[in-house]
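Quick look at query-v5.txt (compact mmCIF, C-alpha atoms (C1' of nucleotides)):
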```
# COMPACT_ATOMS: atom_id res chain seq x y z
CA MET A 1 -10.04 16.09 36.44
CA THR A 2 -6.69 14.67 35.63
CA SER A 3 -8.44 11.85 33.77
CA ASP A 4 -9.21 14.42 31.16
CA VAL A 5 -5.88 13.55 29.56
CA MET A 6 -4.28 10.18 28.97
CA THR A 7 -0.71 9.01 28.75
CA ILE A 8 0.59 7.24 25.71
CA ARG A 9 0.30 3.87 27.45
CA GLU A 10 -3.30 4.43 28.39
CA MET A 11 -4.03 5.40 24.80
CA CYS A 12 -2.32 2.29 23.47
CA ASP A 13 -4.32 0.07 25.79
CA ALA A 14 -7.57 1.86 25.09
CA PHE A 15 -7.25 1.81 21.31
CA ASP A 16 -4.98 -1.16 20.76
CA VAL A 17 -2.26 0.70 18.92
CA THR A 18 1.46 1.00 19.56
CA PRO A 19 3.27 4.07 20.90
CA ARG A 20 5.07 4.30 17.59
CA THR A 21 1.73 4.63 15.84
CA LEU A 22 0.63 7.53 18.05
CA ARG A 23 3.93 9.36 17.59
CA PHE A 24 3.69 8.74 13.89
CA TYR A 25 0.19 10.18 13.76
CA GLU A 26 1.36 13.20 15.66
CA SER A 27 4.21 13.70 13.19
CA LYS A 28 1.61 13.56 10.42
CA GLU A 29 -0.50 16.15 12.22
CA LEU A 30 -3.38 13.82 12.84
CA LEU A 31 -3.10 14.17 16.60
CA PHE A 32 -2.01 17.09 18.75
CA PRO A 33 -1.21 15.85 22.24
CA ILE A 34 -0.11 18.50 24.69
CA ARG A 35 3.18 18.21 26.51
CA ASP A 36 4.03 17.66 30.13
CA GLY A 37 7.70 18.45 29.77
CA THR A 38 8.63 16.03 27.00
CA ARG A 39 5.80 13.57 27.57
CA ARG A 40 2.67 13.51 25.54
CA LEU A 41 -0.75 13.92 27.06
CA PHE A 42 -3.70 13.07 24.87
CA THR A 43 -6.85 15.07 25.34
CA ARG A 44 -10.40 13.98 24.72
CA ARG A 45 -10.15 15.73 21.37
CA ASP A 46 -7.21 13.48 20.47
CA ARG A 47 -9.24 10.48 21.50
CA ALA A 48 -12.14 11.52 19.32
CA ARG A 49 -9.80 12.04 16.40
CA LEU A 50 -8.03 8.73 16.93
CA LYS A 51 -11.36 6.94 16.93
CA LEU A 52 -12.15 8.48 13.56
CA ILE A 53 -8.67 7.73 12.27
CA LEU A 54 -8.97 4.06 13.10
CA ARG A 55 -12.39 3.84 11.54
CA GLY A 56 -11.12 5.54 8.42
CA LYS A 57 -8.32 3.05 8.22
CA ARG A 58 -10.73 0.15 8.41
CA PHE A 59 -12.48 1.70 5.45
CA GLY A 60 -9.22 1.60 3.56
CA PHE A 61 -8.52 5.30 3.39
CA SER A 62 -5.02 6.68 3.48
CA LEU A 63 -3.90 8.75 6.43
CA GLU A 64 -3.71 11.79 4.21
CA GLU A 65 -7.33 11.32 3.17
CA ILE A 66 -8.27 10.85 6.79
CA ARG A 67 -6.51 14.04 7.74
CA GLN A 68 -8.66 15.92 5.27
CA LEU A 69 -11.82 14.31 6.60
CA LEU A 70 -10.84 15.17 10.15
CA ASP A 71 -10.59 18.77 9.13
CA LEU A 72 -14.20 18.55 8.13
CA TYR A 73 -15.31 16.92 11.39
CA ASP A 74 -13.19 19.48 13.10
CA ARG A 75 -14.98 22.34 11.38
CA ASP A 76 -13.87 24.83 14.00
CA GLY A 77 -13.43 27.32 11.20
CA SER A 78 -16.13 29.82 11.93
CA GLN A 79 -15.33 31.35 8.60
CA GLU A 80 -17.60 30.80 5.67
CA LEU A 81 -14.84 30.43 3.11
CA GLN A 82 -13.11 27.77 5.16
CA LEU A 83 -16.32 25.84 5.57
CA GLU A 84 -17.05 26.11 1.89
CA ARG A 85 -13.61 24.75 1.09
CA THR A 86 -13.81 21.78 3.43
CA TYR A 87 -17.30 21.10 2.17
CA GLN A 88 -15.99 20.79 -1.37
CA VAL A 89 -13.20 18.49 -0.24
CA ALA A 90 -15.73 16.30 1.50
CA ARG A 91 -17.93 16.17 -1.56
CA GLN A 92 -15.00 15.02 -3.65
CA ARG A 93 -14.26 12.35 -1.09
CA LEU A 94 -17.83 11.17 -1.27
CA GLU A 95 -17.56 10.82 -5.02
CA GLN A 96 -14.38 8.84 -4.63
CA MET A 97 -16.03 6.60 -2.11
CA GLU A 98 -19.01 5.98 -4.33
CA ARG A 99 -16.73 5.09 -7.22
CA GLN A 100 -14.91 2.74 -4.89
CA ARG A 101 -18.16 1.14 -3.93
CA ALA A 102 -19.12 0.68 -7.56
CA GLU A 103 -15.81 -1.00 -8.29
CA LEU A 104 -16.17 -3.16 -5.25
CA ASP A 105 -19.65 -4.18 -6.29
CA GLU A 106 -18.35 -5.12 -9.71
CA ALA A 107 -15.51 -7.17 -8.27
CA ILE A 108 -17.89 -8.90 -5.90
CA ALA A 109 -20.26 -9.77 -8.72
CA GLU A 110 -17.40 -11.13 -10.80
CA LEU A 111 -16.04 -13.15 -7.95
CA LYS A 112 -19.48 -14.59 -7.33
CA ASP A 113 -19.61 -15.69 -10.94
CA GLN A 114 -16.29 -17.37 -10.51
CA LEU A 115 -17.49 -19.12 -7.39
CA ALA A 116 -20.55 -20.39 -9.18
CA TRP A 117 -18.32 -21.75 -11.91
CA GLY A 118 -16.06 -23.40 -9.35
CA GLU A 119 -19.00 -24.94 -7.61
CA GLU A 120 -20.23 -26.41 -10.84
CA ALA A 121 -16.81 -27.79 -11.65
CA LEU A 122 -16.60 -29.37 -8.22
CA ALA A 123 -20.03 -30.88 -8.67
CA ALA A 124 -18.87 -32.36 -11.97
CA PHE A 125 -15.88 -33.91 -10.25
CA ARG A 126 -18.15 -35.45 -7.68
CA ARG A 127 -20.53 -36.82 -10.27
CA ALA A 128 -17.58 -38.37 -12.06
CA ALA A 129 -16.33 -39.85 -8.82
CA ALA A 130 -19.73 -41.31 -8.07
CA GLU A 131 -19.52 -43.72 -11.02
CA MET B 1 0.46 -19.54 -36.67
CA THR B 2 3.05 -17.02 -35.63
CA SER B 3 0.28 -15.36 -33.63
CA ASP B 4 0.66 -18.24 -31.24
CA VAL B 5 3.19 -16.13 -29.39
CA MET B 6 3.18 -12.42 -28.69
CA THR B 7 5.89 -9.86 -28.15
CA ILE B 8 6.05 -7.79 -25.04
CA ARG B 9 4.52 -4.83 -26.85
CA GLU B 10 1.59 -6.82 -28.14
CA MET B 11 1.00 -8.09 -24.63
CA CYS B 12 1.11 -4.58 -23.22
CA ASP B 13 -1.40 -3.36 -25.75
CA ALA B 14 -3.64 -6.36 -25.34
CA PHE B 15 -3.74 -6.27 -21.56
CA ASP B 16 -3.00 -2.61 -20.86
CA VAL B 17 0.06 -3.19 -18.73
CA THR B 18 3.62 -1.85 -18.99
CA PRO B 19 6.67 -3.87 -20.08
CA ARG B 20 8.03 -3.38 -16.59
CA THR B 21 5.00 -5.14 -15.19
CA LEU B 22 5.43 -8.16 -17.43
CA ARG B 23 9.12 -8.45 -16.60
CA PHE B 24 8.27 -8.05 -12.96
CA TYR B 25 5.71 -10.83 -13.15
CA GLU B 26 8.26 -13.04 -14.86
CA SER B 27 10.79 -12.33 -12.12
CA LYS B 28 8.13 -13.33 -9.61
CA GLU B 29 7.51 -16.55 -11.52
CA LEU B 30 3.98 -15.64 -12.46
CA LEU B 31 4.76 -15.78 -16.18
CA PHE B 32 7.21 -17.92 -18.15
CA PRO B 33 7.70 -16.41 -21.58
CA ILE B 34 10.05 -18.30 -23.89
CA ARG B 35 13.07 -16.60 -25.40
CA ASP B 36 13.96 -15.68 -28.92
CA GLY B 37 17.56 -14.84 -28.20
CA THR B 38 17.12 -12.35 -25.41
CA ARG B 39 13.60 -11.32 -26.29
CA ARG B 40 10.54 -12.59 -24.57
CA LEU B 41 7.78 -14.36 -26.39
CA PHE B 42 4.56 -14.87 -24.52
CA THR B 43 2.60 -18.03 -25.25
CA ARG B 44 -1.13 -18.56 -24.98
CA ARG B 45 -0.42 -20.12 -21.60
CA ASP B 46 1.14 -16.84 -20.47
CA ARG B 47 -1.86 -14.99 -21.74
CA ALA B 48 -4.21 -17.23 -19.83
CA ARG B 49 -2.15 -16.76 -16.70
CA LEU B 50 -1.97 -13.00 -17.12
CA LYS B 51 -5.70 -12.83 -17.50
CA LEU B 52 -6.08 -14.69 -14.22
CA ILE B 53 -3.44 -12.51 -12.58
CA LEU B 54 -5.24 -9.30 -13.52
CA ARG B 55 -8.56 -10.66 -12.43
CA GLY B 56 -7.05 -11.80 -9.16
CA LYS B 57 -5.70 -8.33 -8.60
CA ARG B 58 -9.14 -6.83 -9.14
CA PHE B 59 -10.35 -9.18 -6.44
CA GLY B 60 -7.71 -7.87 -4.12
CA PHE B 61 -5.45 -10.93 -4.04
CA SER B 62 -1.75 -10.24 -3.59
CA LEU B 63 0.63 -11.39 -6.29
CA GLU B 64 1.96 -14.02 -3.94
CA GLU B 65 -1.52 -15.39 -3.33
CA ILE B 66 -2.12 -15.39 -7.05
CA ARG B 67 1.13 -17.25 -7.66
CA GLN B 68 0.15 -19.95 -5.23
CA LEU B 69 -3.25 -20.33 -6.81
CA LEU B 70 -1.74 -20.53 -10.28
CA ASP B 71 0.75 -23.11 -9.08
CA LEU B 72 -2.06 -25.21 -7.73
CA TYR B 73 -3.64 -25.29 -11.16
CA ASP B 74 -0.30 -26.13 -12.71
CA ARG B 75 0.49 -29.24 -10.85
CA ASP B 76 -0.39 -32.18 -13.04
CA GLY B 77 -2.83 -34.88 -12.18
CA SER B 78 -6.33 -34.64 -10.85
CA GLN B 79 -7.19 -31.09 -10.07
CA GLU B 80 -10.09 -31.60 -7.78
CA LEU B 81 -8.19 -30.90 -4.59
CA GLN B 82 -6.58 -27.82 -6.06
CA LEU B 83 -9.89 -26.52 -7.28
CA GLU B 84 -11.42 -27.13 -3.90
CA ARG B 85 -8.60 -25.22 -2.26
CA THR B 86 -8.89 -22.31 -4.67
CA TYR B 87 -12.60 -22.26 -4.14
CA GLN B 88 -12.20 -21.95 -0.40
CA VAL B 89 -9.67 -19.14 -0.70
CA ALA B 90 -11.96 -17.28 -3.07
CA ARG B 91 -14.92 -17.69 -0.75
CA GLN B 92 -12.94 -16.16 2.09
CA ARG B 93 -11.98 -13.25 -0.14
CA LEU B 94 -15.61 -12.72 -1.02
CA GLU B 95 -16.52 -12.54 2.64
CA GLN B 96 -13.77 -10.00 3.22
CA MET B 97 -15.00 -7.93 0.32
CA GLU B 98 -18.57 -7.98 1.50
CA ARG B 99 -17.55 -6.88 4.96
CA GLN B 100 -15.52 -4.13 3.35
CA ARG B 101 -18.52 -3.04 1.34
CA ALA B 102 -20.74 -2.92 4.40
CA GLU B 103 -18.22 -0.71 6.18
CA LEU B 104 -17.86 1.45 3.12
CA ASP B 105 -21.61 1.92 2.94
CA GLU B 106 -21.63 2.95 6.56
CA ALA B 107 -18.85 5.45 6.00
CA ILE B 108 -20.65 6.89 3.00
CA ALA B 109 -23.79 7.36 5.04
CA GLU B 110 -21.88 9.10 7.79
CA LEU B 111 -20.09 11.36 5.40
CA LYS B 112 -23.40 12.28 3.83
CA ASP B 113 -24.63 13.30 7.25
CA GLN B 114 -21.62 15.52 7.64
CA LEU B 115 -22.26 17.04 4.26
CA ALA B 116 -25.84 17.80 5.17
CA TRP B 117 -24.54 19.55 8.26
CA GLY B 118 -22.09 21.57 6.22
CA GLU B 119 -24.78 22.48 3.74
CA GLU B 120 -27.02 23.71 6.48
CA ALA B 121 -24.26 25.77 7.99
CA LEU B 122 -23.50 27.28 4.61
CA ALA B 123 -27.16 28.08 4.11
CA ALA B 124 -27.17 29.84 7.48
CA PHE B 125 -24.22 31.92 6.40
CA ARG B 126 -26.05 32.90 3.26
CA ARG B 127 -29.20 33.82 5.10
CA ALA B 128 -27.12 36.00 7.40
CA ALA B 129 -25.43 37.61 4.43
CA ALA B 130 -28.79 38.35 2.78
CA GLU B 131 -29.75 40.82 5.48
C1' DA C 1 22.21 5.21 45.44
C1' DG C 2 20.85 1.85 42.24
C1' DA C 3 17.57 -0.66 39.45
C1' DG C 4 13.69 -0.73 36.66
C1' DG C 5 10.32 0.89 33.75
C1' DA C 6 8.12 4.17 30.89
C1' DG C 7 8.94 7.80 27.81
C1' DT C 8 11.61 10.44 24.32
C1' DT C 9 13.95 11.44 19.66
C1' DG C 10 16.23 10.17 15.55
C1' DA C 11 17.34 7.02 11.98
C1' DC C 12 17.19 3.05 9.32
C1' DG C 13 14.40 -1.32 7.85
C1' DT C 14 10.23 -3.52 5.74
C1' DT C 15 6.65 -4.91 2.29
C1' DG C 16 4.24 -4.71 -2.31
C1' DA C 17 4.04 -3.49 -6.83
C1' DC C 18 5.93 -1.58 -9.66
C1' DG C 19 8.57 3.29 -11.87
C1' DT C 20 12.68 5.19 -13.63
C1' DA C 21 17.25 5.69 -15.30
C1' DA C 22 21.57 4.04 -17.30
C1' DA C 23 23.84 1.66 -20.62
C1' DC C 24 23.65 -1.31 -24.10
C1' DG C 25 21.97 -4.65 -28.18
C1' DT C 26 19.36 -5.37 -32.63
C1' DG C 27 16.69 -5.27 -36.66
C1' DA C 28 14.24 -2.47 -40.16
C1' DC C 29 14.03 1.50 -43.02
C1' DG C 30 15.49 5.28 -45.96
C1' DC D 1 25.65 3.78 -43.38
C1' DG D 2 23.12 6.12 -39.93
C1' DT D 3 19.47 6.36 -36.94
C1' DC D 4 15.19 5.08 -35.04
C1' DA D 5 12.18 2.26 -32.40
C1' DC D 6 12.05 -1.24 -29.57
C1' DG D 7 14.17 -4.53 -26.80
C1' DT D 8 17.31 -6.08 -22.89
C1' DT D 9 19.59 -6.21 -17.90
C1' DT D 10 20.86 -4.24 -13.51
C1' DA D 11 19.96 -1.52 -10.04
C1' DC D 12 18.19 2.06 -7.40
C1' DG D 13 13.79 4.97 -6.21
C1' DT D 14 8.95 5.40 -4.42
C1' DC D 15 4.97 5.49 -1.25
C1' DA D 16 2.41 4.08 3.02
C1' DA D 17 2.33 2.96 7.48
C1' DC D 18 4.44 1.80 10.54
C1' DG D 19 8.44 -1.72 13.05
C1' DT D 20 12.78 -1.89 15.16
C1' DC D 21 16.78 -0.51 17.09
C1' DA D 22 19.94 2.78 19.69
C1' DA D 23 20.85 5.91 22.98
C1' DC D 24 19.32 8.67 25.98
C1' DT D 25 16.10 11.15 30.17
C1' DC D 26 13.07 11.03 34.03
C1' DC D 27 10.37 9.18 37.76
C1' DT D 28 9.62 5.79 41.27
C1' DC D 29 10.47 2.23 44.50
C1' DT D 30 13.43 0.03 47.56
```
Produce structure tokens that represent the structure in this file.
Amino acid sequence: MTSDVMTIREMCDAFDVTPRTLRFYESKELLFPIRDGTRRLFTRRDRARLKLILRGKRFGFSLEEIRQLLDLYDRDGSQELQLERTYQVARQRLEQMERQRAELDEAIAELKDQLAWGEEALAAFRRAAAE
Amino acid sequence: MTSDVMTIREMCDAFDVTPRTLRFYESKELLFPIRDGTRRLFTRRDRARLKLILRGKRFGFSLEEIRQLLDLYDRDGSQELQLERTYQVARQRLEQMERQRAELDEAIAELKDQLAWGEEALAAFRRAAAE
DNA sequence: AGAGGAGTTGACGTTGACGTAAACGTGACG
DNA sequence: CGTCACGTTTACGTCAACGTCAACTCCTCT
């Protein structure tokens, strides 16, 4: 099963990222492709991680935050202390996220108010123009 | 009414920003304080603009976007077109924010799942340790 | 053998929104 | 008169997440 690993090009096509991005992620220890000589070969584990990375980015998380989350998903640590530690990290992240959501909700509500005001102002213009 | 203008310090206190920020905004042509010699004096117009700037930032607009919106308001004459334009931009932002919130909610749910998993695993450890 | 294409490693550039430091001016107070 | 506190300008630093070269190496096809 050679298709168990993918070249950098195949990865780029599959995930719509650039080679630079994949090398960058590797340098940040988000991905761990194996080497065929100097060339990178991405395993199915790398693909799973990249999928999570890209999703995390869409959520607006930093790569460093994502790296921490990946360590949770990656919970290979069969050790209780390690699990406990990553669990705490994840809980903190959840709190952050819920604060973010609260702020976002507030901003959305405010913006909606503004839109209502704008709508009213536009309606006034149109009434004035109708005379 | 000397309170018609404010010093940089008064502005910082009133709006909870740093002097650097106000100077930066001036350099970006978002604010136009008048000068008393070399010192800046912020008018009520500056205060109105700053209020809008900070609100815009909470909504996630870039300073450049904010500048353009402010400039639209500034051009003299009938403001209906400008208002219409601003309204459209704001509506697009709102859509972006609501999509962002939906994704954030999804991520929160997923992370909660992971946490439940971790909790269960920890509980298993503790049961094993209780023997 | 030569050309082409994909891959590699540095290293520097970019954008946004400021922070920080240096070096100096100025007015009020004791 | 000294010395603060506060102000100024200029300019360089920062952080994230890559983009954009340059200067190779290696494989493949003809």
(message) With only C-alpha atoms (C1' of nucleotides) as the counted atoms, please give the residues lying no more than 8 Å from range 98-109 of chain A, apart from itself and same-chain residues fewer than 6 positions off, as a PyMOL selection string.
(response) chain B and resi 58-59+94+97-98+101+104-105+108
Sort by chain and increasing residue number a table of all residues of chain A within 10 Å of chain C, each with its closest pair of atoms and their distance in Å to one decimal, counting only C-alpha atoms (C1' of nucleotides), and write it as JSON lines.
```
{"residue": "A:Thr7", "atom": "CA", "partner": "C:DG7", "partner_atom": "C1'", "distance": 9.8}
{"residue": "A:Ile8", "atom": "CA", "partner": "C:DG7", "partner_atom": "C1'", "distance": 8.6}
{"residue": "A:Arg9", "atom": "CA", "partner": "C:DA6", "partner_atom": "C1'", "distance": 8.5}
{"residue": "A:Pro19", "atom": "CA", "partner": "C:DG7", "partner_atom": "C1'", "distance": 9.7}
{"residue": "A:Thr38", "atom": "CA", "partner": "C:DT8", "partner_atom": "C1'", "distance": 6.9}
{"residue": "A:Arg39", "atom": "CA", "partner": "C:DG7", "partner_atom": "C1'", "distance": 6.6}
{"residue": "A:Arg40", "atom": "CA", "partner": "C:DG7", "partner_atom": "C1'", "distance": 8.8}
```
(request) Pick out the chain D residues within 10 Å of chain A. Count only C-alpha atoms (C1' of nucleotides). Give them as a PyMOL selection string. (result) chain D and resi 16-19+25-26
For the reference chain B, what are the coordinates of chain A after least-squares fitting (all Cα, in-order pairing), as a compact mmCIF listing (two decimals) with C-alpha atoms, in the frame of the given file?
```
# COMPACT_ATOMS: atom_id res chain seq x y z
CA MET A 1 0.31 -19.56 -36.13
CA THR A 2 3.09 -17.37 -34.96
CA SER A 3 0.49 -14.94 -33.62
CA ASP A 4 -0.11 -17.49 -30.94
CA VAL A 5 2.65 -15.81 -28.95
CA MET A 6 3.36 -12.14 -28.42
CA THR A 7 6.51 -10.17 -27.78
CA ILE A 8 6.89 -8.01 -24.74
CA ARG A 9 6.15 -4.88 -26.77
CA GLU A 10 2.96 -6.29 -28.18
CA MET A 11 1.89 -7.23 -24.66
CA CYS A 12 2.65 -3.75 -23.36
CA ASP A 13 0.61 -2.16 -26.12
CA ALA A 14 -2.24 -4.61 -25.76
CA PHE A 15 -2.55 -4.31 -21.99
CA ASP A 16 -1.10 -0.88 -21.36
CA VAL A 17 1.63 -1.98 -19.00
CA THR A 18 5.38 -1.45 -19.06
CA PRO A 19 8.00 -4.08 -19.87
CA ARG A 20 9.26 -3.74 -16.32
CA THR A 21 5.83 -4.74 -15.06
CA LEU A 22 5.76 -7.91 -17.16
CA ARG A 23 9.26 -8.92 -16.07
CA PHE A 24 8.31 -8.19 -12.51
CA TYR A 25 5.23 -10.39 -12.77
CA GLU A 26 7.32 -13.15 -14.22
CA SER A 27 9.78 -12.86 -11.33
CA LYS A 28 6.80 -13.19 -8.99
CA GLU A 29 5.62 -16.28 -10.86
CA LEU A 30 2.44 -14.70 -12.08
CA LEU A 31 3.39 -15.15 -15.72
CA PHE A 32 5.42 -17.85 -17.44
CA PRO A 33 6.48 -16.63 -20.87
CA ILE A 34 8.51 -19.07 -22.90
CA ARG A 35 11.90 -18.12 -24.24
CA ASP A 36 13.18 -17.56 -27.74
CA GLY A 37 16.83 -17.48 -26.78
CA THR A 38 16.75 -14.78 -24.12
CA ARG A 39 13.58 -13.06 -25.29
CA ARG A 40 10.23 -13.62 -23.75
CA LEU A 41 7.27 -14.87 -25.71
CA PHE A 42 3.90 -14.62 -24.05
CA THR A 43 1.38 -17.30 -24.81
CA ARG A 44 -2.38 -17.03 -24.80
CA ARG A 45 -2.29 -18.51 -21.32
CA ASP A 46 -0.10 -15.61 -20.19
CA ARG A 47 -2.54 -13.20 -21.75
CA ALA A 48 -5.46 -14.77 -19.93
CA ARG A 49 -3.56 -14.61 -16.67
CA LEU A 50 -2.49 -11.01 -17.21
CA LYS A 51 -6.09 -10.03 -17.84
CA LEU A 52 -7.05 -11.54 -14.51
CA ILE A 53 -4.07 -9.96 -12.79
CA LEU A 54 -5.03 -6.50 -13.96
CA ARG A 55 -8.62 -6.99 -12.93
CA GLY A 56 -7.53 -8.21 -9.53
CA LYS A 57 -5.41 -5.13 -9.13
CA ARG A 58 -8.33 -2.87 -9.91
CA PHE A 59 -10.15 -4.64 -7.12
CA GLY A 60 -7.34 -3.71 -4.79
CA PHE A 61 -5.88 -7.14 -4.21
CA SER A 62 -2.20 -7.68 -3.68
CA LEU A 63 -0.19 -9.58 -6.26
CA GLU A 64 0.30 -12.39 -3.79
CA GLU A 65 -3.46 -12.71 -3.33
CA ILE A 66 -3.88 -12.64 -7.07
CA ARG A 67 -1.34 -15.38 -7.49
CA GLN A 68 -3.40 -17.59 -5.21
CA LEU A 69 -6.58 -16.81 -7.12
CA LEU A 70 -4.88 -17.59 -10.40
CA ASP A 71 -4.01 -20.98 -9.06
CA LEU A 72 -7.70 -21.55 -8.62
CA TYR A 73 -8.60 -20.37 -12.13
CA ASP A 74 -5.72 -22.46 -13.30
CA ARG A 75 -7.10 -25.56 -11.62
CA ASP A 76 -5.07 -27.86 -13.84
CA GLY A 77 -4.55 -30.04 -10.81
CA SER A 78 -6.48 -33.13 -11.72
CA GLN A 79 -5.91 -34.27 -8.19
CA GLU A 80 -8.69 -34.12 -5.68
CA LEU A 81 -6.52 -33.00 -2.78
CA GLN A 82 -5.11 -30.12 -4.77
CA LEU A 83 -8.55 -29.00 -5.80
CA GLU A 84 -9.79 -29.25 -2.26
CA ARG A 85 -6.90 -27.10 -1.08
CA THR A 86 -7.37 -24.37 -3.66
CA TYR A 87 -11.08 -24.45 -2.98
CA GLN A 88 -10.45 -23.68 0.67
CA VAL A 89 -8.09 -20.86 -0.23
CA ALA A 90 -10.72 -19.39 -2.49
CA ARG A 91 -13.36 -19.62 0.20
CA GLN A 92 -11.12 -17.73 2.59
CA ARG A 93 -10.58 -15.09 -0.05
CA LEU A 94 -14.31 -14.75 -0.49
CA GLU A 95 -14.72 -14.17 3.22
CA GLN A 96 -12.03 -11.54 3.13
CA MET A 97 -13.71 -9.86 0.22
CA GLU A 98 -17.07 -9.83 1.93
CA ARG A 99 -15.53 -8.30 5.04
CA GLN A 100 -13.92 -5.71 2.81
CA ARG A 101 -17.24 -4.95 1.26
CA ALA A 102 -18.85 -4.54 4.66
CA GLU A 103 -16.14 -2.12 5.72
CA LEU A 104 -16.48 -0.25 2.49
CA ASP A 105 -20.22 0.00 2.93
CA GLU A 106 -19.72 1.37 6.41
CA ALA A 107 -17.20 3.95 5.24
CA ILE A 108 -19.49 4.97 2.41
CA ALA A 109 -22.41 5.41 4.77
CA GLU A 110 -20.29 7.49 7.13
CA LEU A 111 -18.97 9.63 4.35
CA LYS A 112 -22.49 10.21 3.12
CA ASP A 113 -23.44 11.42 6.57
CA GLN A 114 -20.54 13.79 6.49
CA LEU A 115 -21.58 15.07 3.09
CA ALA A 116 -25.08 15.69 4.31
CA TRP A 117 -23.67 17.66 7.21
CA GLY A 118 -21.45 19.65 4.88
CA GLU A 119 -24.33 20.40 2.61
CA GLU A 120 -26.36 21.70 5.50
CA ALA A 121 -23.50 23.86 6.68
CA LEU A 122 -23.09 25.28 3.19
CA ALA A 123 -26.79 25.99 3.02
CA ALA A 124 -26.53 27.85 6.32
CA PHE A 125 -23.71 29.96 4.93
CA ARG A 126 -25.82 30.81 1.94
CA ARG A 127 -28.83 31.73 4.03
CA ALA A 128 -26.61 33.99 6.10
CA ALA A 129 -25.21 35.56 2.96
CA ALA A 130 -28.69 36.17 1.61
CA GLU A 131 -29.48 38.70 4.35
```
(message) For a quick check of understanding, using only C-alpha atoms, which of B:Ile34, B:Met6, B:Leu54, B:Ala90 has the smallest distance to chain A?
(response)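 Smallest distance to chain A is found for B:Ala90.
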(request) To one decimal in Å, tell me the separation between CA of Leu22 in chain A and C1' of DC15 in chain D. (result) 19.9 Å
